[in-house]
Amino acid sequence: MQLILQSFAILFLAASCAFNGSSQDVHFTPTETWSLDVQGKPLKLTAINTGSIQIKQCHLENCKDEDSSFPRRLISILLDSTPAPKRLPILTYLIQHPEGNFLIDTGADPDWNNEKSWECSARSHFAAKRIADVQYQETNSFIQELRDLGVLDALHGIIITHAHFDHTGNLRNLKAQQYIIGKGDIDNHDKIGAVKCKYLEGLPLTEAPFAAPNDQVSDPYAKSLRSTPVYLTKDRSLRYYVSPGHTPGSIVVVQSTSQGDMVFVGDITFSGKDIKADSTVAGMHFNIPQIREAHRALRELQTTQRLVLLPSHDEEISHRMNRFILRK
Ligand SMILES: [Zn+2]
């Protein structure tokens, strides 16, 4: 009973702090493609900006103790009235691999402002609109971008780094042979802010199992992330690892090329720069000690592998990829 009263008090307070986004200009970084190769065969990476997201300061930088529970930190975000200084891009990545086309995340939701599309979960609707403001890229829609790139009807796999609403938009409008998402996110959808009924229900999902360390696998990513790789291509250059922390089922995707490894980290970090031991971390992480461990693993990998980190909300992707390819 006390819990119910507390919940109502929190909802009442949060309702009085409705988050209406910001009037900042929304800049959409243009779609950009890089040509690389894998074992002598051409491979392309395209970063597609599907929209932008305005989050709050306590979401960008945790304002509670790091060992405080996720619900406490979530409440601090709901009650926060300070927007983060900048809107962030919402990126998806298309890998045109010699064995097929793979899409990493499906970006902003075109139905964000369509109230009817939220009817299946009033609670998710209430929370999502107080956590963030999303602007969808309308001038050249994500679906149209994929059509222009010639892959709309030829997607081999879609890999969702985690089940948050800014990573699963459009999913229902895309056909692929496989839709991969962490089992940890499906099992905990109601705790992590995934809107399962709106984005995921009814899709033939392949659930990535929980991370399982395996000492038999001689793979630096498996060792550092303590997770067994799941290969997506026969040449084994494209694979994923389950790396919990941002959500219980978060996935890290790695594509090895002759130029080095592209490491798609989802929201394990919002910026490729912020994985230092003394960096502040986001308040939205489900488990901050696990995130600190994932950051440590990525730092370790940076010392032994030639790699580029590609987060989902990093506005410096273009610069980062150009530097990676030019080997500067
Ligand atoms: Zn995100």
# chains A, B, ... in the order shown; residues from 1 in each chain; ligands from 1
>>> residues_around(residues="His59 (chain A)", least_positions_apart="3", cutoff="9 Å", atoms="only C-alpha atoms", output="PyMOL selection string")
chain A and resi 55-56+62-63+73-74+76-77+80+84+131+282-285
>>> closest_atom_pairs(of="chain A", to="ligand 1", cutoff="12 Å", atoms="only C-alpha atoms and all ligand atoms", output="tab-separated table")
residue	atom	partner	partner_atom_place_in_ligand_line	distance
A:Thr50	CA	ligand 1	1 (Zn)	11.7
A:Gly51	CA	ligand 1	1 (Zn)	11.3
A:Ser52	CA	ligand 1	1 (Zn)	10.0
A:Ile53	CA	ligand 1	1 (Zn)	8.3
A:Gln54	CA	ligand 1	1 (Zn)	10.6
A:Ile55	CA	ligand 1	1 (Zn)	9.8
A:His59	CA	ligand 1	1 (Zn)	10.8
A:Leu60	CA	ligand 1	1 (Zn)	10.8
A:Arg87	CA	ligand 1	1 (Zn)	11.9
A:Leu88	CA	ligand 1	1 (Zn)	9.1
A:Pro89	CA	ligand 1	1 (Zn)	9.2
A:Ile90	CA	ligand 1	1 (Zn)	7.0
A:Leu91	CA	ligand 1	1 (Zn)	8.8
A:Thr92	CA	ligand 1	1 (Zn)	10.3
A:Asp105	CA	ligand 1	1 (Zn)	9.7
A:Thr106	CA	ligand 1	1 (Zn)	10.8
A:Gly107	CA	ligand 1	1 (Zn)	8.4
A:Ala108	CA	ligand 1	1 (Zn)	9.2
A:Asp109	CA	ligand 1	1 (Zn)	11.9
A:Ile131	CA	ligand 1	1 (Zn)	11.5
A:Ala132	CA	ligand 1	1 (Zn)	10.2
A:Asp133	CA	ligand 1	1 (Zn)	11.8
A:Val134	CA	ligand 1	1 (Zn)	10.6
A:Ile160	CA	ligand 1	1 (Zn)	10.9
A:Thr161	CA	ligand 1	1 (Zn)	9.3
A:His162	CA	ligand 1	1 (Zn)	8.3
A:Ala163	CA	ligand 1	1 (Zn)	9.1
A:His164	CA	ligand 1	1 (Zn)	6.5
A:Phe165	CA	ligand 1	1 (Zn)	7.6
A:Asp166	CA	ligand 1	1 (Zn)	5.3
A:His167	CA	ligand 1	1 (Zn)	6.1
A:Thr168	CA	ligand 1	1 (Zn)	9.6
A:Gly169	CA	ligand 1	1 (Zn)	11.1
A:Gly193	CA	ligand 1	1 (Zn)	11.2
A:Ala194	CA	ligand 1	1 (Zn)	11.1
A:His246	CA	ligand 1	1 (Zn)	9.7
A:Thr247	CA	ligand 1	1 (Zn)	10.9
A:Ser250	CA	ligand 1	1 (Zn)	11.3
A:Val265	CA	ligand 1	1 (Zn)	10.6
A:Gly266	CA	ligand 1	1 (Zn)	7.0
A:Asp267	CA	ligand 1	1 (Zn)	5.5
A:Ile268	CA	ligand 1	1 (Zn)	9.2
A:Thr269	CA	ligand 1	1 (Zn)	9.6
A:Phe270	CA	ligand 1	1 (Zn)	8.0
A:Ser271	CA	ligand 1	1 (Zn)	11.5
A:Ala282	CA	ligand 1	1 (Zn)	11.0
A:Met284	CA	ligand 1	1 (Zn)	9.7
A:His285	CA	ligand 1	1 (Zn)	10.6
A:Pro311	CA	ligand 1	1 (Zn)	9.0
A:Ser312	CA	ligand 1	1 (Zn)	6.3
A:His313	CA	ligand 1	1 (Zn)	6.5
A:Asp314	CA	ligand 1	1 (Zn)	10.2
>>> write_last_selection(atoms="N, CA and C atoms", output="compact mmCIF listing (two decimals), in the first residue's frame")
# COMPACT_ATOMS: atom_id res chain seq x y z
N THR A 50 18.45 9.52 -38.00
CA THR A 50 16.99 9.40 -38.14
C THR A 50 16.23 10.52 -37.43
N GLY A 51 16.94 11.32 -36.65
CA GLY A 51 16.26 12.39 -35.92
C GLY A 51 17.15 12.92 -34.82
N SER A 52 16.53 13.56 -33.84
CA SER A 52 17.33 14.05 -32.71
C SER A 52 16.54 13.87 -31.42
N ILE A 53 17.27 13.83 -30.33
CA ILE A 53 16.63 13.62 -29.03
C ILE A 53 17.14 14.66 -28.04
N GLN A 54 16.20 15.24 -27.30
CA GLN A 54 16.56 16.15 -26.20
C GLN A 54 16.36 15.39 -24.91
N ILE A 55 17.44 15.20 -24.17
CA ILE A 55 17.30 14.54 -22.87
C ILE A 55 17.53 15.57 -21.77
N HIS A 59 19.84 12.75 -16.99
CA HIS A 59 19.91 11.61 -17.90
C HIS A 59 21.31 11.56 -18.52
N LEU A 60 21.79 12.73 -18.95
CA LEU A 60 23.13 12.82 -19.56
C LEU A 60 24.22 12.52 -18.54
N ARG A 87 20.77 18.98 -28.10
CA ARG A 87 20.06 17.82 -28.62
C ARG A 87 21.10 16.86 -29.18
N LEU A 88 20.81 15.58 -29.13
CA LEU A 88 21.75 14.58 -29.64
C LEU A 88 21.17 13.94 -30.91
N PRO A 89 22.03 13.57 -31.85
CA PRO A 89 21.51 12.86 -33.03
C PRO A 89 21.06 11.45 -32.65
N ILE A 90 20.17 10.89 -33.42
CA ILE A 90 19.76 9.48 -33.23
C ILE A 90 20.21 8.72 -34.48
N LEU A 91 21.34 8.04 -34.34
CA LEU A 91 21.96 7.41 -35.51
C LEU A 91 21.60 5.93 -35.62
N THR A 92 21.51 5.48 -36.86
CA THR A 92 21.50 4.05 -37.12
C THR A 92 22.66 3.78 -38.06
N ASP A 105 20.24 -0.91 -35.20
CA ASP A 105 19.20 -0.03 -34.65
C ASP A 105 18.31 0.56 -35.75
N THR A 106 17.12 0.98 -35.33
CA THR A 106 16.16 1.49 -36.31
C THR A 106 15.65 2.90 -35.95
N GLY A 107 16.32 3.52 -34.98
CA GLY A 107 16.22 4.95 -34.80
C GLY A 107 14.94 5.54 -34.24
N ALA A 108 14.73 6.81 -34.63
CA ALA A 108 13.62 7.60 -34.09
C ALA A 108 12.29 7.11 -34.64
N ASP A 109 11.28 7.33 -33.82
CA ASP A 109 9.95 6.84 -34.13
C ASP A 109 9.14 7.89 -34.89
N ILE A 131 10.72 11.80 -20.21
CA ILE A 131 12.15 11.47 -20.23
C ILE A 131 12.84 12.21 -21.37
N ALA A 132 12.18 12.32 -22.50
CA ALA A 132 12.86 12.88 -23.67
C ALA A 132 11.88 13.53 -24.63
N ASP A 133 12.43 14.34 -25.51
CA ASP A 133 11.67 14.88 -26.63
C ASP A 133 12.36 14.42 -27.90
N VAL A 134 11.61 13.77 -28.77
CA VAL A 134 12.20 13.21 -29.99
C VAL A 134 11.69 13.99 -31.20
N ILE A 160 19.32 -4.85 -32.80
CA ILE A 160 18.92 -3.75 -31.91
C ILE A 160 19.89 -3.74 -30.72
N THR A 161 20.65 -2.66 -30.57
CA THR A 161 21.65 -2.64 -29.48
C THR A 161 20.98 -2.70 -28.12
N HIS A 162 19.78 -2.12 -28.01
CA HIS A 162 18.98 -2.25 -26.79
C HIS A 162 17.58 -1.73 -27.09
N ALA A 163 16.63 -2.04 -26.19
CA ALA A 163 15.22 -1.88 -26.56
C ALA A 163 14.62 -0.51 -26.22
N HIS A 164 15.42 0.53 -26.04
CA HIS A 164 14.85 1.85 -25.77
C HIS A 164 14.15 2.40 -27.02
N PHE A 165 13.19 3.33 -26.78
CA PHE A 165 12.31 3.76 -27.87
C PHE A 165 13.03 4.51 -29.00
N ASP A 166 14.22 5.08 -28.71
CA ASP A 166 14.94 5.79 -29.77
C ASP A 166 15.83 4.85 -30.58
N HIS A 167 15.70 3.55 -30.34
CA HIS A 167 16.49 2.56 -31.09
C HIS A 167 15.60 1.54 -31.80
N THR A 168 14.30 1.62 -31.53
CA THR A 168 13.39 0.61 -32.09
C THR A 168 12.28 1.20 -32.96
N GLY A 169 12.32 2.53 -33.19
CA GLY A 169 11.33 3.14 -34.08
C GLY A 169 11.46 2.52 -35.47
N GLY A 193 12.09 0.81 -19.65
CA GLY A 193 11.57 1.88 -20.52
C GLY A 193 11.43 1.44 -21.97
N ALA A 194 11.45 0.13 -22.22
CA ALA A 194 11.16 -0.35 -23.59
C ALA A 194 9.64 -0.31 -23.76
N HIS A 246 23.90 -0.68 -19.78
CA HIS A 246 22.93 0.35 -20.16
C HIS A 246 21.52 -0.22 -20.00
N THR A 247 21.35 -1.45 -20.49
CA THR A 247 20.15 -2.24 -20.21
C THR A 247 20.63 -3.67 -19.91
N SER A 250 21.89 -5.32 -23.35
CA SER A 250 22.58 -4.48 -24.35
C SER A 250 23.57 -5.30 -25.17
N VAL A 265 28.54 0.57 -30.12
CA VAL A 265 28.32 0.37 -28.68
C VAL A 265 26.93 0.80 -28.21
N GLY A 266 26.06 1.23 -29.11
CA GLY A 266 24.73 1.66 -28.68
C GLY A 266 24.86 2.84 -27.73
N ASP A 267 24.27 2.73 -26.53
CA ASP A 267 24.31 3.82 -25.55
C ASP A 267 25.20 3.47 -24.35
N ILE A 268 26.11 2.50 -24.53
CA ILE A 268 27.06 2.21 -23.44
C ILE A 268 27.83 3.49 -23.12
N THR A 269 28.05 4.29 -24.15
CA THR A 269 28.53 5.66 -23.94
C THR A 269 27.84 6.53 -25.00
N PHE A 270 27.57 7.80 -24.66
CA PHE A 270 26.95 8.70 -25.64
C PHE A 270 28.00 9.31 -26.55
N SER A 271 29.26 9.31 -26.08
CA SER A 271 30.34 9.90 -26.88
C SER A 271 31.52 8.96 -26.81
N ALA A 282 26.07 8.38 -17.64
CA ALA A 282 24.66 8.75 -17.77
C ALA A 282 23.85 8.22 -16.59
N MET A 284 20.84 7.26 -16.93
CA MET A 284 19.86 6.33 -17.48
C MET A 284 20.36 4.89 -17.53
N HIS A 285 21.65 4.66 -17.20
CA HIS A 285 22.15 3.28 -17.25
C HIS A 285 21.42 2.42 -16.20
N PRO A 311 29.15 5.15 -31.09
CA PRO A 311 27.92 5.21 -30.29
C PRO A 311 26.73 5.68 -31.13
N SER A 312 25.55 5.54 -30.56
CA SER A 312 24.33 5.88 -31.32
C SER A 312 23.97 7.36 -31.27
N HIS A 313 24.57 8.12 -30.35
CA HIS A 313 24.18 9.54 -30.21
C HIS A 313 25.39 10.47 -30.28
N ASP A 314 26.42 10.06 -30.99
CA ASP A 314 27.66 10.83 -31.02
C ASP A 314 27.68 11.74 -32.23
>>> closest_residue(among="A:Phe70, A:Gln96, A:Lys183, A:Ser224", to="Thr33 (chain A)", atoms="only C-alpha atoms")
A:Gln96
>>> residues_around(residues="Pro42 (chain A)", least_positions_apart="3", cutoff="10 Å", atoms="only C-alpha atoms", output="PDB file with N, CA and C atoms, in the first residue's frame")
ATOM      1  N   SER A  35      33.711   3.760 -47.489  1.00  0.00           N
ATOM      2  CA  SER A  35      34.058   2.510 -48.177  1.00  0.00           C
ATOM      3  C   SER A  35      35.262   1.879 -47.501  1.00  0.00           C
ATOM      4  N   LEU A  36      35.125   0.621 -47.155  1.00  0.00           N
ATOM      5  CA  LEU A  36      36.213  -0.113 -46.502  1.00  0.00           C
ATOM      6  C   LEU A  36      36.327  -1.459 -47.221  1.00  0.00           C
ATOM      7  N   ASP A  37      37.156  -2.350 -46.725  1.00  0.00           N
ATOM      8  CA  ASP A  37      37.112  -3.708 -47.265  1.00  0.00           C
ATOM      9  C   ASP A  37      37.322  -4.732 -46.189  1.00  0.00           C
ATOM     10  N   VAL A  38      36.763  -5.930 -46.460  1.00  0.00           N
ATOM     11  CA  VAL A  38      36.922  -7.036 -45.527  1.00  0.00           C
ATOM     12  C   VAL A  38      37.500  -8.202 -46.326  1.00  0.00           C
ATOM     13  N   GLN A  39      38.662  -8.623 -45.942  1.00  0.00           N
ATOM     14  CA  GLN A  39      39.381  -9.707 -46.633  1.00  0.00           C
ATOM     15  C   GLN A  39      39.384  -9.494 -48.145  1.00  0.00           C
ATOM     16  N   GLN A  96      26.928  -2.697 -45.314  1.00  0.00           N
ATOM     17  CA  GLN A  96      26.733  -3.464 -46.553  1.00  0.00           C
ATOM     18  C   GLN A  96      27.941  -4.390 -46.685  1.00  0.00           C
ATOM     19  N   HIS A  97      27.750  -5.578 -46.166  1.00  0.00           N
ATOM     20  CA  HIS A  97      28.803  -6.593 -46.064  1.00  0.00           C
ATOM     21  C   HIS A  97      28.715  -7.482 -47.314  1.00  0.00           C
ATOM     22  N   PRO A  98      29.833  -8.079 -47.772  1.00  0.00           N
ATOM     23  CA  PRO A  98      29.740  -8.957 -48.949  1.00  0.00           C
ATOM     24  C   PRO A  98      28.705 -10.072 -48.798  1.00  0.00           C
ATOM     25  N   THR A 257      37.444  -5.061 -40.305  1.00  0.00           N
ATOM     26  CA  THR A 257      37.749  -4.765 -41.706  1.00  0.00           C
ATOM     27  C   THR A 257      39.274  -4.700 -41.843  1.00  0.00           C
TER      28      THR A 257
END
>>> select_by_dssp(residues="region 141-203 of chain A", states="alpha helix (DSSP H)", output="list in words")
Phe142, Ile143, Gln144, Glu145, Leu146, Arg147, Asp148, Phe165, Asp166, His167, Thr168, Lys183, Gly184, Asp185, Ile186, Asp187, His189, Asp190, Lys191, Ile192, Lys196, Cys197, Lys198 and Tyr199 of chain A
>>> residues_around(residues="Gln259 (chain A)", least_positions_apart="5", cutoff="12 Å", atoms="only C-alpha atoms", output="list in words")
Trp34, Ser35, Leu36, Asp37, Val38, Gln39, Gly40, Pro42, Leu43, Lys44, Gln305, Arg306, Leu307, Val308, Met321, Asn322, Arg323, Phe324, Ile325, Leu326, Arg327 and Lys328 of chain A
>>> residues_around(residues="Glu293 (chain A)", least_positions_apart="5", cutoff="9 Å", atoms="only C-alpha atoms", output="JSON list (two decimals) with C-alpha atoms, in the first residue's frame")
[["chain", "number", "residue", "atom", "x", "y", "z"],
["A", 225, "LEU", "CA", 33.72, -7.92, -22.60],
["A", 245, "GLY", "CA", 24.87, -2.26, -18.20],
["A", 288, "ILE", "CA", 26.29, 1.64, -13.41],
["A", 298, "LEU", "CA", 36.64, -0.86, -24.13]]
>>> closest_residue(among="A:Glu99, A:Glu138, A:Glu207, A:Asp111", to="Lys41 (chain A)", atoms="only C-alpha atoms")
A:Glu99
>>> closest_residue(among="A:Ile180, A:Thr304, A:Asn287, A:Arg296", to="Gly260 (chain A)", atoms="only C-alpha atoms")
A:Thr304
>>> closest_residue(among="A:Asp65, A:Asp190, A:Asp261, A:Asp278", to="Leu310 (chain A)", atoms="only C-alpha atoms")
A:Asp261
>>> residues_around(residues="Ile159 (chain A)", least_positions_apart="5", cutoff="8 Å", atoms="only C-alpha atoms", output="count of residues only")
7
